[in-house]
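Quick notes on the structure that follows.
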Amino acid sequence: MDKKGSRIKRVHAERHTKRQFKGNRYTVEQDTSFTSTSAEKLQNRRDMDVAISKEFGYCILNFFSVFSAIASSVICKICKKNIKFYQTANRSLGFKIVMQCKCGEQLINSCPLIDKAFEINRRIVFIMRLLGIGREEINLFCGLMDFSQGLALKTYYACLENIHLAVSSIYDSIIKSAVEEEKTKNAEAGNPENNLTVSGDGTWKKRGFSSLFGVTTLIGKYSKKMLDTVVKSSFCQACNMWKNKKNDAIHEFDEWYKSHEENCTINHIGSAGKMEIDAVTEMFLRSTEKHGVKYATYIGDGDSKTFKGILDANPYGEELIVRKKECVGHVEKRMGTRLRNVKKANKGIGGKGAGKLTDKVIGELTKYYGLAIRRHPHSVAEMKKAIWATYYHKSSTDEKPQHMYCPSGSDSWCKWRKAEANNTLQNFSHDQASLNDTVLKVIKPIYETLSSDDLLERCLGAATQNSNESLNSLIWTFAPKHIHSGPKTVEIANFLAVIIFNEGFLSILKTLSVMGVTVGQQAQIYANSRDESRIDRSEKRSTDAAKKARITTREEKSAEQDFFEHEEGLLYGPELAD
């Protein structure tokens with residue numbers, strides 16, 4: 001229930017509190033109509049058959065209490081004497097159970113073996129990597145749970161090496177499949193099969209462009225699947241350890257580096273900001289050799305000189321000149337950024353009062369600008385008309401209506417145009433205050449710049465980097481930014497993210513199988529439910545009602561922030577208390 005006097009209305013007031021039935025293990029999803037990108041990808045994923053063992057599973061028990069009870073109730077079948085049970089020293093999480101009687105001793109493994117290694121050690125390192133934590137956290141968990149003292153350093157890195165080999169092989173297979181799918185869909189869209197359109201974006205492990213690691217991704221326009229990715233590293237632990245010795249023992253260092261060079265994890269020299277440029281250029285240069293395709297169009301943003309780097313590299317010579325498309329989401333952000341900057345630079349146009357440039361108004365103008373581009377993806381003229389419609393719409397008054405660019409008809413988003421179509425203009429009143437002349441004069445140059453033909457031509461098709469940014473966030477859940485990770489861990493995180501992003505969580509079971517780990521029914525049930533939840537969540541977020549609710553929430557927060565700023569004044573700033 002809303003608090004009395006609250007300025008904020010409930011966005012979902014019409015929702016019932018009763019939980020809706022969403023199915024159980026006895027029901028089967030019958031609906032096959034999907035609209036979200038995640039749903040479409042998972043519905044079209046390739047075969048991920050994994051051998052499932054019905055007799056396999058782990059449980060947690062107290063060894064002493066359980067086996068003491070068993071020992072007091074059973075005798076040896078051969079010697080008819082009591083049996084005693086002991087636990088050998090742990091090898092990390094694995095151990096052997098000693099069954100002893102007059103006949104002698106018999107050893108039973110606590111879990112399956114992979115060669116001579118206990119499977120449980122490999123499994124826990126992999127699962128904890130999915131949770132974004134490493135050896136220290138595993139040992140904390142094992143120690144306080146009284147399992148064991150955890151994993152030795154060599155054991156941990158041996159498991160990590162095995163995981164790296166497994167996920168890289170699954171990654172390579174999935175990437176090949178994704179390229180073939182993108183080629184097919186590209187041809188179905190009427191384009192040359194091998195001339196693909198890709199969106200590219202970079203992400204760094206540390207904010208502020210001082211990161212030691214960066215990941216850059218290329219995603220196909222039609223399949224929305226990852227086609228290629230590069231991890232850039234300017235750090236090597238071994239080189240870092242030799243750094244202080246280099247000047248004192250230069251000859252010794254040179255001899256060591258000759259044997260180390262092939263395994264050195266440094267593959268980038270230069271600033272962190274240059275990682276994205278180098279990585280995208282590298283992927284364009286190897287596209288023909290690696291995948292047998294050419295990236296004819298690049299969807300990017302204006303945040304870096306990546307596209308210039310592609311042109312300078314000239315990956316396909318005179319045969320094909322790569323074209324640039326703008327990410328609509330980033331172009332939309334330019335409007336918000338410039339409006340906020342002009343508000344700071346021009347005192348008096350913001351704050352409380354009719355016709356002022358408040359944060360809420362900035363949010364509305366930014367969203368309207370983005371919608372003007374997205375709703376007219378095939379015509380620069382229509383984009384421009386729709387953009388200026390929002391400008392003049394916000395400047396209209398009862399005395400001077402300026403809706404000449406607003407769409408006509410009774411289904412128009414413009415209320416004045418609706419009233420015109422329904423012959424009710426005599427009863428119409430502009431219920432929202434228009435922007436004052438000072439604000440309109442200040443923001444008009446921004447509209448002129450952001451509605452130029454050159455920019456809007458690059459926005460044709462309304463392409464975005466949304467898929468890249470979604471993958472970026474997934475990568476750092478497996479190698480969190482606040483925890484230091486080595487190059488191999490970042491690579492594993494990248495492989496895991498691509499595997500799940502392209503094919504869903506069932507591909508994780510395939511990875512476990514490649515590692516030699518037995519997959520039981522509980523793991524299969526969890527993977528299926530995880531993919532179903534992903535589809536369900538994406539479907540709900542893609543509905544018009546959900547999108548409208550998110551917009552409403554943002555607008556209410558902006559309005560609330562404007563109110564607080566006006567009531568409280570400036571509370572934090574340089575030398576404010578002096």
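Residues in the structure tokens are named by chain (A, B, ... in the order shown) and by number from 1 within that chain; ligands are numbered from 1 in the order shown.
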Item to check | Contacts of stretch 224-230 of chain A at 7 Å (only C-alpha atoms; same-chain gap of 4+ positions) as a ChimeraX atom specification | outcome: /A:175,178-179,215-220,279,283,467,498,502
Selected residues written out with N, CA, C and O atoms, as a PDB file, in the first residue's frame:
```pdb
ATOM      1  N   ILE A 175      31.289 -21.540 -31.952  1.00  0.00           N
ATOM      2  CA  ILE A 175      31.558 -20.407 -32.836  1.00  0.00           C
ATOM      3  C   ILE A 175      31.379 -20.811 -34.303  1.00  0.00           C
ATOM      4  O   ILE A 175      30.773 -20.077 -35.105  1.00  0.00           O
ATOM      5  N   ALA A 178      27.768 -21.006 -35.048  1.00  0.00           N
ATOM      6  CA  ALA A 178      27.154 -19.676 -35.083  1.00  0.00           C
ATOM      7  C   ALA A 178      27.423 -18.973 -36.417  1.00  0.00           C
ATOM      8  O   ALA A 178      26.544 -18.308 -36.970  1.00  0.00           O
ATOM      9  N   VAL A 179      28.636 -19.112 -36.936  1.00  0.00           N
ATOM     10  CA  VAL A 179      28.984 -18.486 -38.220  1.00  0.00           C
ATOM     11  C   VAL A 179      28.129 -19.076 -39.341  1.00  0.00           C
ATOM     12  O   VAL A 179      27.607 -18.351 -40.192  1.00  0.00           O
ATOM     13  N   VAL A 215      38.337  -7.512 -23.229  1.00  0.00           N
ATOM     14  CA  VAL A 215      37.688  -8.502 -24.092  1.00  0.00           C
ATOM     15  C   VAL A 215      36.886  -7.764 -25.151  1.00  0.00           C
ATOM     16  O   VAL A 215      36.136  -6.829 -24.833  1.00  0.00           O
ATOM     17  N   THR A 216      37.034  -8.155 -26.400  1.00  0.00           N
ATOM     18  CA  THR A 216      36.295  -7.530 -27.497  1.00  0.00           C
ATOM     19  C   THR A 216      35.513  -8.603 -28.238  1.00  0.00           C
ATOM     20  O   THR A 216      36.020  -9.707 -28.474  1.00  0.00           O
ATOM     21  N   THR A 217      34.271  -8.280 -28.599  1.00  0.00           N
ATOM     22  CA  THR A 217      33.370  -9.272 -29.166  1.00  0.00           C
ATOM     23  C   THR A 217      32.770  -8.793 -30.480  1.00  0.00           C
ATOM     24  O   THR A 217      32.559  -7.595 -30.676  1.00  0.00           O
ATOM     25  N   LEU A 218      32.488  -9.743 -31.367  1.00  0.00           N
ATOM     26  CA  LEU A 218      31.758  -9.484 -32.606  1.00  0.00           C
ATOM     27  C   LEU A 218      30.540 -10.394 -32.639  1.00  0.00           C
ATOM     28  O   LEU A 218      30.666 -11.611 -32.473  1.00  0.00           O
ATOM     29  N   ILE A 219      29.360  -9.807 -32.860  1.00  0.00           N
ATOM     30  CA  ILE A 219      28.100 -10.558 -32.855  1.00  0.00           C
ATOM     31  C   ILE A 219      27.389 -10.371 -34.190  1.00  0.00           C
ATOM     32  O   ILE A 219      27.330  -9.261 -34.728  1.00  0.00           O
ATOM     33  N   GLY A 220      26.842 -11.461 -34.732  1.00  0.00           N
ATOM     34  CA  GLY A 220      26.125 -11.414 -35.998  1.00  0.00           C
ATOM     35  C   GLY A 220      24.812 -10.666 -35.884  1.00  0.00           C
ATOM     36  O   GLY A 220      24.107 -10.791 -34.879  1.00  0.00           O
ATOM     37  N   ALA A 279      41.940  -5.405 -31.184  1.00  0.00           N
ATOM     38  CA  ALA A 279      41.214  -6.681 -31.199  1.00  0.00           C
ATOM     39  C   ALA A 279      40.236  -6.758 -32.368  1.00  0.00           C
ATOM     40  O   ALA A 279      40.154  -7.777 -33.062  1.00  0.00           O
ATOM     41  N   MET A 283      40.333  -9.358 -35.596  1.00  0.00           N
ATOM     42  CA  MET A 283      39.236 -10.249 -35.978  1.00  0.00           C
ATOM     43  C   MET A 283      38.809 -10.027 -37.430  1.00  0.00           C
ATOM     44  O   MET A 283      38.452 -10.977 -38.127  1.00  0.00           O
ATOM     45  N   SER A 467      23.289  -6.644 -27.752  1.00  0.00           N
ATOM     46  CA  SER A 467      23.730  -8.024 -27.514  1.00  0.00           C
ATOM     47  C   SER A 467      25.157  -8.054 -26.990  1.00  0.00           C
ATOM     48  O   SER A 467      25.487  -8.841 -26.094  1.00  0.00           O
ATOM     49  N   VAL A 498      30.448 -16.922 -23.706  1.00  0.00           N
ATOM     50  CA  VAL A 498      30.039 -17.155 -25.090  1.00  0.00           C
ATOM     51  C   VAL A 498      29.232 -18.438 -25.204  1.00  0.00           C
ATOM     52  O   VAL A 498      28.206 -18.497 -25.893  1.00  0.00           O
ATOM     53  N   ASN A 502      25.408 -18.083 -26.445  1.00  0.00           N
ATOM     54  CA  ASN A 502      24.994 -18.625 -27.740  1.00  0.00           C
ATOM     55  C   ASN A 502      24.038 -19.808 -27.618  1.00  0.00           C
ATOM     56  O   ASN A 502      23.068 -19.905 -28.369  1.00  0.00           O
TER      57      ASN A 502
END
```
Q | Picked from stretch 60-165 of chain A by DSSP as strand (DSSP E or B), as a VMD selection string | A | chain A and resid 75 82 84 to 87 91 94 96 to 101 104 to 109 113 to 114 117 to 118
- Enumerate as number ranges by chain all residues of stretch 253-306 of chain A assigned to alpha helix (DSSP H) by DSSP on the backbone, naming them with the chain letters and numbers the document uses. A: 253-260, 274-285, 287-291, 306
Selected residues, C-alpha atoms, written as a tab-separated table (two decimals), in the first residue's frame, please.
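As a result, part-v5.tsv now contains:
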```tsv
chain	number	residue	atom	x	y	z
A	253	PHE	CA	66.69	-12.79	-18.18
A	254	ASP	CA	67.29	-13.07	-21.94
A	255	GLU	CA	68.01	-16.79	-21.63
A	256	TRP	CA	64.88	-17.30	-19.53
A	257	TYR	CA	62.69	-15.25	-21.88
A	258	LYS	CA	63.68	-17.35	-24.91
A	259	SER	CA	62.10	-20.39	-23.30
A	260	HIS	CA	59.17	-18.38	-21.93
A	274	LYS	CA	43.74	0.64	-27.67
A	275	MET	CA	42.81	-2.97	-26.82
A	276	GLU	CA	39.42	-2.69	-28.51
A	277	ILE	CA	40.87	-1.17	-31.69
A	278	ASP	CA	43.58	-3.82	-32.00
A	279	ALA	CA	41.21	-6.68	-31.20
A	280	VAL	CA	38.52	-5.68	-33.71
A	281	THR	CA	41.16	-5.13	-36.41
A	282	GLU	CA	42.65	-8.56	-35.64
A	283	MET	CA	39.24	-10.25	-35.98
A	284	PHE	CA	38.53	-8.50	-39.30
A	285	LEU	CA	41.94	-9.50	-40.67
A	287	SER	CA	37.75	-13.48	-40.77
A	288	THR	CA	38.42	-14.96	-44.23
A	289	GLU	CA	41.01	-17.47	-43.05
A	290	LYS	CA	39.18	-18.48	-39.89
A	291	HIS	CA	35.53	-18.48	-41.01
A	306	THR	CA	37.79	1.42	-33.81
```
### Message
Give me, as a VMD selection string, all polymer residues having an atom no more than 12 Å from A:Thr265, counting only C-alpha atoms and skipping those fewer than 3 positions away in the same chain.
### Response
chain A and resid 212 to 213 231 to 240 260 to 262 268 to 269 486 to 491
Can those selected residues be exported to a file as a PDB file, in the first residue's frame so that it contains N, CA, C and O atoms?
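Result file is selection_9.pdb:
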```
ATOM      1  N   LEU A 212      44.417  -4.197 -17.147  1.00  0.00           N
ATOM      2  CA  LEU A 212      45.424  -5.099 -17.698  1.00  0.00           C
ATOM      3  C   LEU A 212      44.817  -6.062 -18.712  1.00  0.00           C
ATOM      4  O   LEU A 212      45.522  -6.666 -19.508  1.00  0.00           O
ATOM      5  N   PHE A 213      43.477  -6.217 -18.654  1.00  0.00           N
ATOM      6  CA  PHE A 213      42.792  -7.161 -19.525  1.00  0.00           C
ATOM      7  C   PHE A 213      41.586  -6.503 -20.194  1.00  0.00           C
ATOM      8  O   PHE A 213      40.894  -5.692 -19.573  1.00  0.00           O
ATOM      9  N   VAL A 231      40.629 -11.875 -26.387  1.00  0.00           N
ATOM     10  CA  VAL A 231      41.021 -11.409 -25.048  1.00  0.00           C
ATOM     11  C   VAL A 231      42.408 -10.795 -25.159  1.00  0.00           C
ATOM     12  O   VAL A 231      43.353 -11.455 -25.600  1.00  0.00           O
ATOM     13  N   LYS A 232      42.525  -9.526 -24.795  1.00  0.00           N
ATOM     14  CA  LYS A 232      43.813  -8.836 -24.817  1.00  0.00           C
ATOM     15  C   LYS A 232      44.360  -8.734 -23.395  1.00  0.00           C
ATOM     16  O   LYS A 232      43.625  -8.398 -22.458  1.00  0.00           O
ATOM     17  N   SER A 233      45.659  -9.031 -23.269  1.00  0.00           N
ATOM     18  CA  SER A 233      46.315  -8.992 -21.962  1.00  0.00           C
ATOM     19  C   SER A 233      47.639  -8.250 -22.061  1.00  0.00           C
ATOM     20  O   SER A 233      48.428  -8.494 -22.970  1.00  0.00           O
ATOM     21  N   SER A 234      47.862  -7.360 -21.129  1.00  0.00           N
ATOM     22  CA  SER A 234      49.157  -6.681 -21.040  1.00  0.00           C
ATOM     23  C   SER A 234      49.884  -7.090 -19.759  1.00  0.00           C
ATOM     24  O   SER A 234      50.745  -6.375 -19.260  1.00  0.00           O
ATOM     25  N   PHE A 235      49.506  -8.265 -19.241  1.00  0.00           N
ATOM     26  CA  PHE A 235      50.076  -8.737 -17.972  1.00  0.00           C
ATOM     27  C   PHE A 235      50.458 -10.208 -18.092  1.00  0.00           C
ATOM     28  O   PHE A 235      49.749 -11.010 -18.696  1.00  0.00           O
ATOM     29  N   CYS A 236      51.615 -10.543 -17.524  1.00  0.00           N
ATOM     30  CA  CYS A 236      52.076 -11.932 -17.424  1.00  0.00           C
ATOM     31  C   CYS A 236      52.693 -12.100 -16.043  1.00  0.00           C
ATOM     32  O   CYS A 236      53.615 -11.353 -15.673  1.00  0.00           O
ATOM     33  N   GLN A 237      52.193 -13.061 -15.282  1.00  0.00           N
ATOM     34  CA  GLN A 237      52.672 -13.253 -13.913  1.00  0.00           C
ATOM     35  C   GLN A 237      54.154 -13.608 -13.875  1.00  0.00           C
ATOM     36  O   GLN A 237      54.914 -13.104 -13.055  1.00  0.00           O
ATOM     37  N   ALA A 238      54.584 -14.477 -14.805  1.00  0.00           N
ATOM     38  CA  ALA A 238      55.991 -14.882 -14.833  1.00  0.00           C
ATOM     39  C   ALA A 238      56.899 -13.695 -15.161  1.00  0.00           C
ATOM     40  O   ALA A 238      57.944 -13.491 -14.528  1.00  0.00           O
ATOM     41  N   CYS A 239      56.496 -12.904 -16.164  1.00  0.00           N
ATOM     42  CA  CYS A 239      57.295 -11.710 -16.514  1.00  0.00           C
ATOM     43  C   CYS A 239      57.313 -10.716 -15.367  1.00  0.00           C
ATOM     44  O   CYS A 239      58.325 -10.045 -15.124  1.00  0.00           O
ATOM     45  N   ASN A 240      56.190 -10.619 -14.671  1.00  0.00           N
ATOM     46  CA  ASN A 240      56.105  -9.697 -13.546  1.00  0.00           C
ATOM     47  C   ASN A 240      57.072 -10.091 -12.437  1.00  0.00           C
ATOM     48  O   ASN A 240      57.680  -9.238 -11.781  1.00  0.00           O
ATOM     49  N   HIS A 260      60.495 -18.798 -22.426  1.00  0.00           N
ATOM     50  CA  HIS A 260      59.172 -18.380 -21.925  1.00  0.00           C
ATOM     51  C   HIS A 260      58.323 -17.697 -22.995  1.00  0.00           C
ATOM     52  O   HIS A 260      57.091 -17.711 -22.913  1.00  0.00           O
ATOM     53  N   GLU A 261      58.936 -17.142 -24.002  1.00  0.00           N
ATOM     54  CA  GLU A 261      58.251 -16.278 -24.965  1.00  0.00           C
ATOM     55  C   GLU A 261      57.007 -16.925 -25.568  1.00  0.00           C
ATOM     56  O   GLU A 261      55.965 -16.290 -25.712  1.00  0.00           O
ATOM     57  N   GLU A 262      57.106 -18.193 -25.898  1.00  0.00           N
ATOM     58  CA  GLU A 262      55.985 -18.883 -26.541  1.00  0.00           C
ATOM     59  C   GLU A 262      54.774 -18.988 -25.617  1.00  0.00           C
ATOM     60  O   GLU A 262      53.626 -18.992 -26.075  1.00  0.00           O
ATOM     61  N   HIS A 268      49.369  -7.736 -25.861  1.00  0.00           N
ATOM     62  CA  HIS A 268      49.020  -6.350 -26.186  1.00  0.00           C
ATOM     63  C   HIS A 268      50.055  -5.406 -25.596  1.00  0.00           C
ATOM     64  O   HIS A 268      50.393  -5.497 -24.409  1.00  0.00           O
ATOM     65  N   ILE A 269      50.555  -4.518 -26.424  1.00  0.00           N
ATOM     66  CA  ILE A 269      51.462  -3.457 -25.981  1.00  0.00           C
ATOM     67  C   ILE A 269      50.788  -2.129 -26.293  1.00  0.00           C
ATOM     68  O   ILE A 269      50.396  -1.857 -27.438  1.00  0.00           O
ATOM     69  N   GLY A 486      44.005 -13.880 -13.330  1.00  0.00           N
ATOM     70  CA  GLY A 486      45.056 -14.000 -14.320  1.00  0.00           C
ATOM     71  C   GLY A 486      44.488 -14.109 -15.719  1.00  0.00           C
ATOM     72  O   GLY A 486      43.273 -14.250 -15.903  1.00  0.00           O
ATOM     73  N   PRO A 487      45.350 -14.061 -16.746  1.00  0.00           N
ATOM     74  CA  PRO A 487      44.887 -14.133 -18.143  1.00  0.00           C
ATOM     75  C   PRO A 487      44.078 -15.388 -18.446  1.00  0.00           C
ATOM     76  O   PRO A 487      43.082 -15.336 -19.154  1.00  0.00           O
ATOM     77  N   LYS A 488      44.511 -16.540 -17.889  1.00  0.00           N
ATOM     78  CA  LYS A 488      43.798 -17.792 -18.174  1.00  0.00           C
ATOM     79  C   LYS A 488      42.399 -17.763 -17.592  1.00  0.00           C
ATOM     80  O   LYS A 488      41.437 -18.248 -18.221  1.00  0.00           O
ATOM     81  N   THR A 489      42.239 -17.185 -16.417  1.00  0.00           N
ATOM     82  CA  THR A 489      40.916 -17.085 -15.796  1.00  0.00           C
ATOM     83  C   THR A 489      40.000 -16.183 -16.615  1.00  0.00           C
ATOM     84  O   THR A 489      38.818 -16.483 -16.793  1.00  0.00           O
ATOM     85  N   VAL A 490      40.540 -15.076 -17.122  1.00  0.00           N
ATOM     86  CA  VAL A 490      39.739 -14.178 -17.962  1.00  0.00           C
ATOM     87  C   VAL A 490      39.336 -14.888 -19.256  1.00  0.00           C
ATOM     88  O   VAL A 490      38.202 -14.743 -19.732  1.00  0.00           O
ATOM     89  N   GLU A 491      40.239 -15.669 -19.831  1.00  0.00           N
ATOM     90  CA  GLU A 491      39.903 -16.429 -21.035  1.00  0.00           C
ATOM     91  C   GLU A 491      38.801 -17.444 -20.757  1.00  0.00           C
ATOM     92  O   GLU A 491      37.863 -17.599 -21.550  1.00  0.00           O
TER      93      GLU A 491
END
```
| field | Nearby residues (only C-alpha atoms) at most 8 Å from A:Ser211, same-chain spacing under 6 positions excluded, as an MDAnalysis selection string | value | chainID A and resid 204:205 272
Written selection (C-alpha atoms) as an mmCIF file, in the first residue's frame:
```cif
data_model
loop_
_atom_site.group_PDB
_atom_site.id
_atom_site.type_symbol
_atom_site.label_atom_id
_atom_site.label_comp_id
_atom_site.auth_asym_id
_atom_site.auth_seq_id
_atom_site.Cartn_x
_atom_site.Cartn_y
_atom_site.Cartn_z
ATOM 1 C CA TRP A 204 37.641 -4.010 -19.651
ATOM 2 C CA LYS A 205 38.238 -5.739 -16.345
ATOM 3 C CA ALA A 272 44.067 -0.222 -22.371
#
```
Computed gap from atom CA of A:Gly134 to atom CA of A:Pro480 is 10.6 Å
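Interatomic distance, atom CA of A:Val517 against atom CA of A:Ser485: 24.7 Å.
Ranking A:Ile387, A:Leu165, A:Cys414, A:Val380 by their shortest atom-to-atom distance to A:Thr366, with only C-alpha atoms included, puts A:Ile387 first.
When atom CA of A:Phe85 is paired with atom CA of A:Met145, their separation reads 21.5 Å.
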Would you list the contacts of A:Asn346 as a list in words, taking every protein, DNA or RNA residue within 12 Å and counting only C-alpha atoms, but skipping same-chain residues closer than 2 positions in sequence? Leu339, Arg340, Asn341, Val342, Lys343, Lys344, Gly348, Ile349, Gly350, Gly351, Lys356, Leu357, Thr438, Val439, Lys441, Val442 and Ile443 of chain A
Can I get the selection written as a PDB file, in the first residue's frame, with N, CA, C and O atoms?
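Saved to result-v2.pdb:
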```pdb
ATOM      1  N   LEU A 339      22.271  17.325 -23.683  1.00  0.00           N
ATOM      2  CA  LEU A 339      21.271  18.121 -22.975  1.00  0.00           C
ATOM      3  C   LEU A 339      21.690  18.376 -21.531  1.00  0.00           C
ATOM      4  O   LEU A 339      21.506  19.482 -21.001  1.00  0.00           O
ATOM      5  N   ARG A 340      22.261  17.361 -20.883  1.00  0.00           N
ATOM      6  CA  ARG A 340      22.722  17.552 -19.503  1.00  0.00           C
ATOM      7  C   ARG A 340      23.896  18.532 -19.444  1.00  0.00           C
ATOM      8  O   ARG A 340      23.985  19.364 -18.523  1.00  0.00           O
ATOM      9  N   ASN A 341      24.799  18.452 -20.441  1.00  0.00           N
ATOM     10  CA  ASN A 341      25.942  19.367 -20.472  1.00  0.00           C
ATOM     11  C   ASN A 341      25.498  20.810 -20.679  1.00  0.00           C
ATOM     12  O   ASN A 341      26.039  21.734 -20.059  1.00  0.00           O
ATOM     13  N   VAL A 342      24.520  20.999 -21.564  1.00  0.00           N
ATOM     14  CA  VAL A 342      24.064  22.358 -21.847  1.00  0.00           C
ATOM     15  C   VAL A 342      23.281  22.919 -20.657  1.00  0.00           C
ATOM     16  O   VAL A 342      23.272  24.124 -20.411  1.00  0.00           O
ATOM     17  N   LYS A 343      22.664  22.039 -19.895  1.00  0.00           N
ATOM     18  CA  LYS A 343      21.960  22.467 -18.682  1.00  0.00           C
ATOM     19  C   LYS A 343      22.953  22.975 -17.633  1.00  0.00           C
ATOM     20  O   LYS A 343      22.714  23.991 -16.965  1.00  0.00           O
ATOM     21  N   LYS A 344      24.105  22.276 -17.517  1.00  0.00           N
ATOM     22  CA  LYS A 344      25.132  22.711 -16.571  1.00  0.00           C
ATOM     23  C   LYS A 344      25.794  24.014 -17.015  1.00  0.00           C
ATOM     24  O   LYS A 344      26.139  24.864 -16.197  1.00  0.00           O
ATOM     25  N   GLY A 348      20.162  28.569 -14.932  1.00  0.00           N
ATOM     26  CA  GLY A 348      18.829  29.166 -14.990  1.00  0.00           C
ATOM     27  C   GLY A 348      17.856  28.433 -15.883  1.00  0.00           C
ATOM     28  O   GLY A 348      16.638  28.623 -15.753  1.00  0.00           O
ATOM     29  N   ILE A 349      18.377  27.586 -16.807  1.00  0.00           N
ATOM     30  CA  ILE A 349      17.425  26.884 -17.680  1.00  0.00           C
ATOM     31  C   ILE A 349      16.923  25.595 -17.032  1.00  0.00           C
ATOM     32  O   ILE A 349      15.984  24.973 -17.517  1.00  0.00           O
ATOM     33  N   GLY A 350      17.567  25.180 -15.934  1.00  0.00           N
ATOM     34  CA  GLY A 350      17.106  24.007 -15.208  1.00  0.00           C
ATOM     35  C   GLY A 350      16.452  24.415 -13.907  1.00  0.00           C
ATOM     36  O   GLY A 350      16.294  25.599 -13.602  1.00  0.00           O
ATOM     37  N   GLY A 351      16.044  23.413 -13.103  1.00  0.00           N
ATOM     38  CA  GLY A 351      15.423  23.702 -11.818  1.00  0.00           C
ATOM     39  C   GLY A 351      13.916  23.677 -11.886  1.00  0.00           C
ATOM     40  O   GLY A 351      13.298  23.321 -12.897  1.00  0.00           O
ATOM     41  N   LYS A 356      11.086  24.677 -17.721  1.00  0.00           N
ATOM     42  CA  LYS A 356      12.514  24.508 -17.452  1.00  0.00           C
ATOM     43  C   LYS A 356      13.004  23.145 -17.981  1.00  0.00           C
ATOM     44  O   LYS A 356      12.230  22.214 -18.171  1.00  0.00           O
ATOM     45  N   LEU A 357      14.312  23.051 -18.188  1.00  0.00           N
ATOM     46  CA  LEU A 357      14.932  21.817 -18.678  1.00  0.00           C
ATOM     47  C   LEU A 357      15.306  20.959 -17.470  1.00  0.00           C
ATOM     48  O   LEU A 357      16.449  20.970 -17.006  1.00  0.00           O
ATOM     49  N   THR A 438      13.898  30.383 -23.950  1.00  0.00           N
ATOM     50  CA  THR A 438      15.333  30.317 -23.648  1.00  0.00           C
ATOM     51  C   THR A 438      15.857  28.891 -23.789  1.00  0.00           C
ATOM     52  O   THR A 438      16.910  28.654 -24.385  1.00  0.00           O
ATOM     53  N   VAL A 439      15.100  27.943 -23.249  1.00  0.00           N
ATOM     54  CA  VAL A 439      15.487  26.536 -23.342  1.00  0.00           C
ATOM     55  C   VAL A 439      15.495  26.087 -24.793  1.00  0.00           C
ATOM     56  O   VAL A 439      16.432  25.430 -25.259  1.00  0.00           O
ATOM     57  N   LYS A 441      15.927  27.813 -27.474  1.00  0.00           N
ATOM     58  CA  LYS A 441      17.044  28.423 -28.207  1.00  0.00           C
ATOM     59  C   LYS A 441      18.356  27.701 -27.923  1.00  0.00           C
ATOM     60  O   LYS A 441      19.183  27.505 -28.818  1.00  0.00           O
ATOM     61  N   VAL A 442      18.529  27.286 -26.658  1.00  0.00           N
ATOM     62  CA  VAL A 442      19.771  26.637 -26.254  1.00  0.00           C
ATOM     63  C   VAL A 442      19.882  25.222 -26.824  1.00  0.00           C
ATOM     64  O   VAL A 442      20.963  24.783 -27.241  1.00  0.00           O
ATOM     65  N   ILE A 443      18.762  24.483 -26.876  1.00  0.00           N
ATOM     66  CA  ILE A 443      18.831  23.074 -27.289  1.00  0.00           C
ATOM     67  C   ILE A 443      18.660  22.891 -28.798  1.00  0.00           C
ATOM     68  O   ILE A 443      18.924  21.795 -29.313  1.00  0.00           O
TER      69      ILE A 443
END
```
Of A:Cys111, A:Ala463, A:Ala71, A:Val98, the one nearest to A:Phe56 when counting only C-alpha atoms is A:Cys111
Can you list every residue of stretch 445-562 of chain A that has an atom at most 10 Å from stretch 320-325 of chain A, with its nearest atom pair and the distance in Å to one decimal, using only C-alpha atoms, ordered by chain then number, as CSV?
```
residue,atom,partner,partner_atom,distance
A:Leu455,CA,A:Lys325,CA,9.2
A:Leu456,CA,A:Lys325,CA,9.6
A:Glu457,CA,A:Lys325,CA,8.2
A:Arg458,CA,A:Lys325,CA,4.6
A:Cys459,CA,A:Lys325,CA,6.1
A:Leu460,CA,A:Lys325,CA,7.6
A:Gly461,CA,A:Lys325,CA,8.5
A:Ala462,CA,A:Lys325,CA,8.8
A:Ala463,CA,A:Lys325,CA,7.3
A:Thr464,CA,A:Lys325,CA,9.0
```
